[in-house]
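**Student:** Coordinates in structure_39.txt, compact mmCIF, N, CA and C atoms, are listed below.
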```txt
# COMPACT_ATOMS: atom_id res chain seq x y z
N MET A 1 108.38 -42.14 49.24
CA MET A 1 108.23 -40.72 49.37
C MET A 1 109.26 -40.18 50.37
N PHE A 2 109.46 -40.86 51.49
CA PHE A 2 110.38 -40.37 52.51
C PHE A 2 111.84 -40.50 52.04
N VAL A 3 112.14 -41.56 51.31
CA VAL A 3 113.49 -41.72 50.78
C VAL A 3 113.78 -40.61 49.77
N THR A 4 112.80 -40.29 48.95
CA THR A 4 112.94 -39.19 47.99
C THR A 4 113.20 -37.89 48.73
N PHE A 5 112.45 -37.65 49.78
CA PHE A 5 112.61 -36.45 50.60
C PHE A 5 114.03 -36.37 51.14
N PHE A 6 114.53 -37.47 51.69
CA PHE A 6 115.89 -37.52 52.23
C PHE A 6 116.91 -37.23 51.14
N GLY A 7 116.76 -37.86 49.99
CA GLY A 7 117.69 -37.66 48.88
C GLY A 7 117.68 -36.23 48.37
N GLU A 8 116.50 -35.65 48.29
CA GLU A 8 116.39 -34.27 47.80
C GLU A 8 117.01 -33.29 48.80
N LEU A 9 116.87 -33.57 50.10
CA LEU A 9 117.51 -32.72 51.10
C LEU A 9 119.02 -32.75 50.94
N LYS A 10 119.57 -33.95 50.76
CA LYS A 10 121.02 -34.08 50.57
C LYS A 10 121.45 -33.35 49.30
N ALA A 11 120.69 -33.51 48.23
CA ALA A 11 121.02 -32.85 46.96
C ALA A 11 120.97 -31.33 47.08
N ALA A 12 120.09 -30.82 47.94
CA ALA A 12 119.96 -29.38 48.13
C ALA A 12 121.03 -28.82 49.06
N GLY A 13 121.84 -29.69 49.64
CA GLY A 13 122.91 -29.23 50.50
C GLY A 13 122.58 -29.21 51.98
N VAL A 14 121.46 -29.80 52.35
CA VAL A 14 121.13 -29.90 53.77
C VAL A 14 121.88 -31.11 54.32
N PRO A 15 122.75 -30.90 55.32
CA PRO A 15 123.58 -32.01 55.82
C PRO A 15 122.78 -32.96 56.72
N VAL A 16 122.00 -33.83 56.10
CA VAL A 16 121.22 -34.81 56.85
C VAL A 16 121.98 -36.13 56.86
N THR A 17 121.84 -36.86 57.96
CA THR A 17 122.53 -38.14 58.09
C THR A 17 121.51 -39.28 58.07
N LEU A 18 122.01 -40.46 57.82
CA LEU A 18 121.16 -41.63 57.84
C LEU A 18 120.54 -41.84 59.22
N ARG A 19 121.32 -41.57 60.27
CA ARG A 19 120.80 -41.71 61.64
C ARG A 19 119.62 -40.76 61.88
N GLU A 20 119.71 -39.55 61.37
CA GLU A 20 118.61 -38.58 61.52
C GLU A 20 117.37 -39.07 60.75
N TYR A 21 117.60 -39.62 59.57
CA TYR A 21 116.49 -40.17 58.78
C TYR A 21 115.83 -41.32 59.54
N LEU A 22 116.62 -42.20 60.09
CA LEU A 22 116.07 -43.34 60.83
C LEU A 22 115.32 -42.88 62.08
N THR A 23 115.82 -41.83 62.71
CA THR A 23 115.12 -41.25 63.87
C THR A 23 113.75 -40.73 63.44
N LEU A 24 113.71 -40.06 62.29
CA LEU A 24 112.43 -39.57 61.76
C LEU A 24 111.49 -40.73 61.48
N MET A 25 112.00 -41.81 60.91
CA MET A 25 111.15 -42.96 60.61
C MET A 25 110.63 -43.61 61.90
N GLU A 26 111.46 -43.66 62.93
CA GLU A 26 111.01 -44.19 64.22
C GLU A 26 109.92 -43.32 64.82
N ALA A 27 110.07 -42.02 64.68
CA ALA A 27 109.05 -41.09 65.17
C ALA A 27 107.75 -41.26 64.40
N MET A 28 107.85 -41.51 63.11
CA MET A 28 106.64 -41.73 62.30
C MET A 28 105.97 -43.04 62.71
N GLN A 29 106.77 -44.06 62.97
CA GLN A 29 106.21 -45.34 63.41
C GLN A 29 105.49 -45.20 64.74
N ALA A 30 106.00 -44.32 65.58
CA ALA A 30 105.37 -44.07 66.88
C ALA A 30 104.20 -43.11 66.75
N ASP A 31 103.90 -42.70 65.54
CA ASP A 31 102.77 -41.80 65.22
C ASP A 31 102.88 -40.45 65.94
N LEU A 32 104.10 -39.94 66.03
CA LEU A 32 104.31 -38.66 66.70
C LEU A 32 103.82 -37.48 65.86
N ALA A 33 103.70 -37.66 64.56
CA ALA A 33 103.25 -36.56 63.70
C ALA A 33 101.75 -36.59 63.47
N GLY A 34 101.08 -37.60 63.97
CA GLY A 34 99.64 -37.68 63.73
C GLY A 34 99.36 -37.85 62.25
N ARG A 35 98.33 -37.22 61.78
CA ARG A 35 97.93 -37.36 60.37
C ARG A 35 97.93 -36.03 59.61
N ARG A 36 98.52 -35.01 60.22
CA ARG A 36 98.52 -33.70 59.58
C ARG A 36 99.87 -33.40 58.95
N VAL A 37 99.85 -32.81 57.77
CA VAL A 37 101.07 -32.45 57.07
C VAL A 37 101.87 -31.45 57.90
N GLU A 38 101.19 -30.51 58.52
CA GLU A 38 101.87 -29.50 59.33
C GLU A 38 102.65 -30.15 60.48
N ASP A 39 102.06 -31.15 61.12
CA ASP A 39 102.74 -31.85 62.21
C ASP A 39 103.97 -32.59 61.69
N PHE A 40 103.84 -33.22 60.51
CA PHE A 40 104.97 -33.91 59.92
C PHE A 40 106.07 -32.92 59.55
N TYR A 41 105.69 -31.75 59.06
CA TYR A 41 106.66 -30.72 58.71
C TYR A 41 107.53 -30.38 59.92
N TYR A 42 106.90 -30.08 61.06
CA TYR A 42 107.66 -29.69 62.25
C TYR A 42 108.48 -30.85 62.82
N LEU A 43 107.93 -32.04 62.78
CA LEU A 43 108.67 -33.21 63.25
C LEU A 43 109.91 -33.45 62.39
N SER A 44 109.72 -33.44 61.08
CA SER A 44 110.85 -33.70 60.18
C SER A 44 111.89 -32.58 60.25
N ARG A 45 111.43 -31.36 60.40
CA ARG A 45 112.37 -30.24 60.52
C ARG A 45 113.20 -30.37 61.79
N ALA A 46 112.55 -30.76 62.89
CA ALA A 46 113.27 -30.93 64.15
C ALA A 46 114.27 -32.08 64.08
N ALA A 47 113.90 -33.14 63.38
CA ALA A 47 114.77 -34.31 63.30
C ALA A 47 115.92 -34.14 62.31
N LEU A 48 115.69 -33.36 61.25
CA LEU A 48 116.65 -33.33 60.16
C LEU A 48 117.48 -32.05 60.04
N VAL A 49 117.00 -30.95 60.57
CA VAL A 49 117.72 -29.68 60.41
C VAL A 49 118.41 -29.33 61.73
N LYS A 50 119.72 -29.25 61.69
CA LYS A 50 120.49 -28.95 62.90
C LYS A 50 121.06 -27.54 62.90
N ASP A 51 120.93 -26.81 61.81
CA ASP A 51 121.46 -25.46 61.71
C ASP A 51 120.42 -24.58 61.03
N GLU A 52 120.09 -23.48 61.66
CA GLU A 52 119.02 -22.62 61.13
C GLU A 52 119.35 -22.06 59.74
N ARG A 53 120.61 -22.08 59.36
CA ARG A 53 120.97 -21.62 58.01
C ARG A 53 120.39 -22.54 56.93
N ASN A 54 120.00 -23.75 57.31
CA ASN A 54 119.45 -24.71 56.34
C ASN A 54 117.93 -24.72 56.30
N LEU A 55 117.27 -23.88 57.07
CA LEU A 55 115.81 -23.88 57.12
C LEU A 55 115.18 -23.53 55.78
N ASP A 56 115.74 -22.56 55.07
CA ASP A 56 115.18 -22.19 53.77
C ASP A 56 115.29 -23.34 52.77
N LYS A 57 116.44 -23.99 52.75
CA LYS A 57 116.62 -25.14 51.87
C LYS A 57 115.62 -26.23 52.21
N PHE A 58 115.47 -26.49 53.51
CA PHE A 58 114.53 -27.51 53.96
C PHE A 58 113.12 -27.16 53.50
N ASP A 59 112.71 -25.91 53.69
CA ASP A 59 111.37 -25.48 53.29
C ASP A 59 111.13 -25.66 51.80
N ARG A 60 112.13 -25.31 50.98
CA ARG A 60 111.98 -25.46 49.53
C ARG A 60 111.81 -26.93 49.14
N VAL A 61 112.65 -27.78 49.72
CA VAL A 61 112.58 -29.22 49.41
C VAL A 61 111.27 -29.80 49.91
N PHE A 62 110.87 -29.46 51.11
CA PHE A 62 109.62 -29.98 51.67
C PHE A 62 108.44 -29.58 50.77
N GLY A 63 108.40 -28.32 50.37
CA GLY A 63 107.33 -27.85 49.50
C GLY A 63 107.30 -28.57 48.17
N HIS A 64 108.48 -28.84 47.64
CA HIS A 64 108.57 -29.53 46.34
C HIS A 64 108.14 -31.00 46.45
N VAL A 65 108.67 -31.70 47.44
CA VAL A 65 108.40 -33.14 47.57
C VAL A 65 106.96 -33.42 47.97
N PHE A 66 106.42 -32.62 48.88
CA PHE A 66 105.09 -32.90 49.41
C PHE A 66 104.02 -31.98 48.84
N LYS A 67 104.30 -31.38 47.69
CA LYS A 67 103.33 -30.50 47.03
C LYS A 67 102.05 -31.26 46.73
N GLY A 68 100.92 -30.68 47.13
CA GLY A 68 99.63 -31.30 46.85
C GLY A 68 99.17 -32.28 47.91
N LEU A 69 100.02 -32.61 48.85
CA LEU A 69 99.65 -33.59 49.87
C LEU A 69 98.56 -33.07 50.79
N GLU A 70 98.56 -31.78 51.10
CA GLU A 70 97.53 -31.21 51.97
C GLU A 70 96.15 -31.36 51.36
N ALA A 71 96.06 -31.20 50.05
CA ALA A 71 94.77 -31.32 49.39
C ALA A 71 94.22 -32.74 49.53
N VAL A 72 95.09 -33.72 49.44
CA VAL A 72 94.65 -35.11 49.56
C VAL A 72 94.19 -35.40 50.98
N THR A 73 94.97 -34.96 51.96
CA THR A 73 94.62 -35.28 53.34
C THR A 73 93.43 -34.45 53.82
N ALA A 74 93.26 -33.25 53.28
CA ALA A 74 92.13 -32.42 53.69
C ALA A 74 90.81 -33.03 53.22
N GLU A 75 90.82 -33.58 52.02
CA GLU A 75 89.61 -34.20 51.47
C GLU A 75 89.37 -35.57 52.08
N GLY A 76 90.44 -36.18 52.54
CA GLY A 76 90.33 -37.53 53.07
C GLY A 76 90.33 -38.54 51.93
N VAL A 77 90.69 -39.72 52.23
CA VAL A 77 90.72 -40.77 51.24
C VAL A 77 89.70 -41.81 51.63
N ALA A 78 88.70 -41.95 50.80
CA ALA A 78 87.65 -42.92 51.08
C ALA A 78 87.98 -44.24 50.37
N ALA A 79 87.81 -45.32 51.08
CA ALA A 79 88.08 -46.62 50.51
C ALA A 79 86.90 -47.54 50.79
N GLU A 80 86.52 -48.27 49.79
CA GLU A 80 85.47 -49.27 49.94
C GLU A 80 86.13 -50.58 50.34
N ILE A 81 85.86 -51.03 51.54
CA ILE A 81 86.43 -52.30 52.00
C ILE A 81 85.33 -53.35 51.87
N PRO A 82 85.60 -54.37 51.07
CA PRO A 82 84.59 -55.41 50.89
C PRO A 82 84.19 -56.05 52.22
N GLU A 83 82.91 -56.30 52.37
CA GLU A 83 82.38 -56.88 53.61
C GLU A 83 83.02 -58.24 53.90
N GLU A 84 83.30 -58.99 52.85
CA GLU A 84 83.91 -60.31 53.01
C GLU A 84 85.29 -60.19 53.68
N TRP A 85 86.07 -59.16 53.33
CA TRP A 85 87.38 -58.96 53.94
C TRP A 85 87.22 -58.67 55.43
N LEU A 86 86.25 -57.85 55.76
CA LEU A 86 86.02 -57.51 57.17
C LEU A 86 85.61 -58.75 57.96
N ARG A 87 84.77 -59.58 57.36
CA ARG A 87 84.33 -60.80 58.02
C ARG A 87 85.51 -61.73 58.28
N LYS A 88 86.36 -61.91 57.27
CA LYS A 88 87.52 -62.79 57.43
C LYS A 88 88.50 -62.24 58.46
N LEU A 89 88.66 -60.94 58.49
CA LEU A 89 89.52 -60.31 59.49
C LEU A 89 88.96 -60.54 60.89
N ALA A 90 87.66 -60.39 61.02
CA ALA A 90 87.02 -60.61 62.32
C ALA A 90 87.20 -62.07 62.76
N GLU A 91 87.08 -63.01 61.84
CA GLU A 91 87.26 -64.42 62.16
C GLU A 91 88.68 -64.69 62.67
N LYS A 92 89.66 -64.01 62.08
CA LYS A 92 91.05 -64.22 62.48
C LYS A 92 91.38 -63.59 63.83
N LEU A 93 90.81 -62.41 64.10
CA LEU A 93 91.24 -61.63 65.25
C LEU A 93 90.34 -61.72 66.47
N LEU A 94 89.07 -62.04 66.29
CA LEU A 94 88.15 -62.03 67.41
C LEU A 94 87.95 -63.42 67.99
N THR A 95 87.76 -63.47 69.29
CA THR A 95 87.44 -64.74 69.94
C THR A 95 85.96 -65.05 69.68
N GLU A 96 85.56 -66.25 70.02
CA GLU A 96 84.15 -66.63 69.81
C GLU A 96 83.23 -65.73 70.63
N GLU A 97 83.65 -65.39 71.84
CA GLU A 97 82.84 -64.51 72.69
C GLU A 97 82.71 -63.12 72.09
N GLU A 98 83.80 -62.59 71.53
CA GLU A 98 83.76 -61.27 70.91
C GLU A 98 82.91 -61.25 69.64
N LYS A 99 82.89 -62.38 68.92
CA LYS A 99 82.09 -62.45 67.70
C LYS A 99 80.59 -62.36 68.00
N LYS A 100 80.19 -62.92 69.17
CA LYS A 100 78.77 -62.87 69.57
C LYS A 100 78.39 -61.44 69.87
```
Can the structure in the file be given as structure tokens, please?
**Tutor:**
Amino acid sequence: MFVTFFGELKAAGVPVTLREYLTLMEAMQADLAGRRVEDFYYLSRAALVKDERNLDKFDRVFGHVFKGLEAVTAEGVAAEIPEEWLRKLAEKLLTEEEKK
């Protein structure tokens, strides 16, 4: 999804560099955007747009690439994690004292 976003920005004429993309990925790894689309929007705009003349292009591309993402995150994604997986994970990560 992020590579698509980067490619679409370049195709739209936003002069983004690989270094800016990698900076954005480092910021995402550090969880600087949290879990909200709005936070990611501002983080990516700050990392990738260096000239205010490109803000409209950025907004169009962002809206196109991440269309519908707010609906997914607003509802939340529920996942059923099998109890057996949790038990095995606990066995791997917890000490005997923590298991008690």
**Student:** Atom C of A:Ala90 and atom CA of A:Leu32 are how many Å apart?
**Tutor:**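 These atoms are spaced 29.3 Å apart.
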**Student:** Give the helix (DSSP H, G or I) residues of chain A, as assigned by DSSP on the backbone, as a PyMOL selection string.
**Tutor:** chain A and resi 2-11+18-29+37-48+52-65+69-75+83-93+96-99
**Student:** Which residue gives the smallest distance to A:Pro15 among A:Ala30, A:Val49, A:Met1, A:Leu94, with all atoms listed in the file counted?
**Tutor:** A:Val49
**Student:** Given only C-alpha atoms as the basis, pick out the residue of A:Arg87, A:Arg35, A:Arg45, A:Arg60 nearest to A:Ala11.
**Tutor:**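 Nearest candidate to A:Ala11 out of A:Arg87, A:Arg35, A:Arg45, A:Arg60: A:Arg60.
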**Student:** Would you compute the distance between atom N of A:Glu38 and atom C of A:Lys67? Give it in Å to one decimal.
**Tutor:** 11.8 Å
**Student:** Using only C-alpha atoms, which of A:Glu91, A:Leu22, A:Val37, A:Gly7 sits nearest A:Gly63?
**Tutor:**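 Using only C-alpha atoms, the shortest distance to A:Gly63 belongs to A:Val37.
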**Student:** Can you measure atom CA of A:Thr95 to atom CA of A:Asp31 for me? One decimal in Å is fine.
**Tutor:**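 Taking atom CA of A:Thr95 as the start and atom CA of A:Asp31 as the end point, the length is 28.0 Å.
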**Student:** From the set A:Lys92, A:Phe5, A:Val16, A:Lys10, which residue has the shortest atom-to-atom contact distance to A:Lys50, counting all atoms listed in the file?
**Tutor:**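 Residue with the minimum atom-to-atom distance to A:Lys50: A:Val16.
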**Student:** If you count only C-alpha atoms, which residues fall within 12 Å of A:Thr4, apart from same-chain ones fewer than 6 positions away, as an MDAnalysis selection string?
**Tutor:** chainID A and resid 10:11 21 61:62 64:66
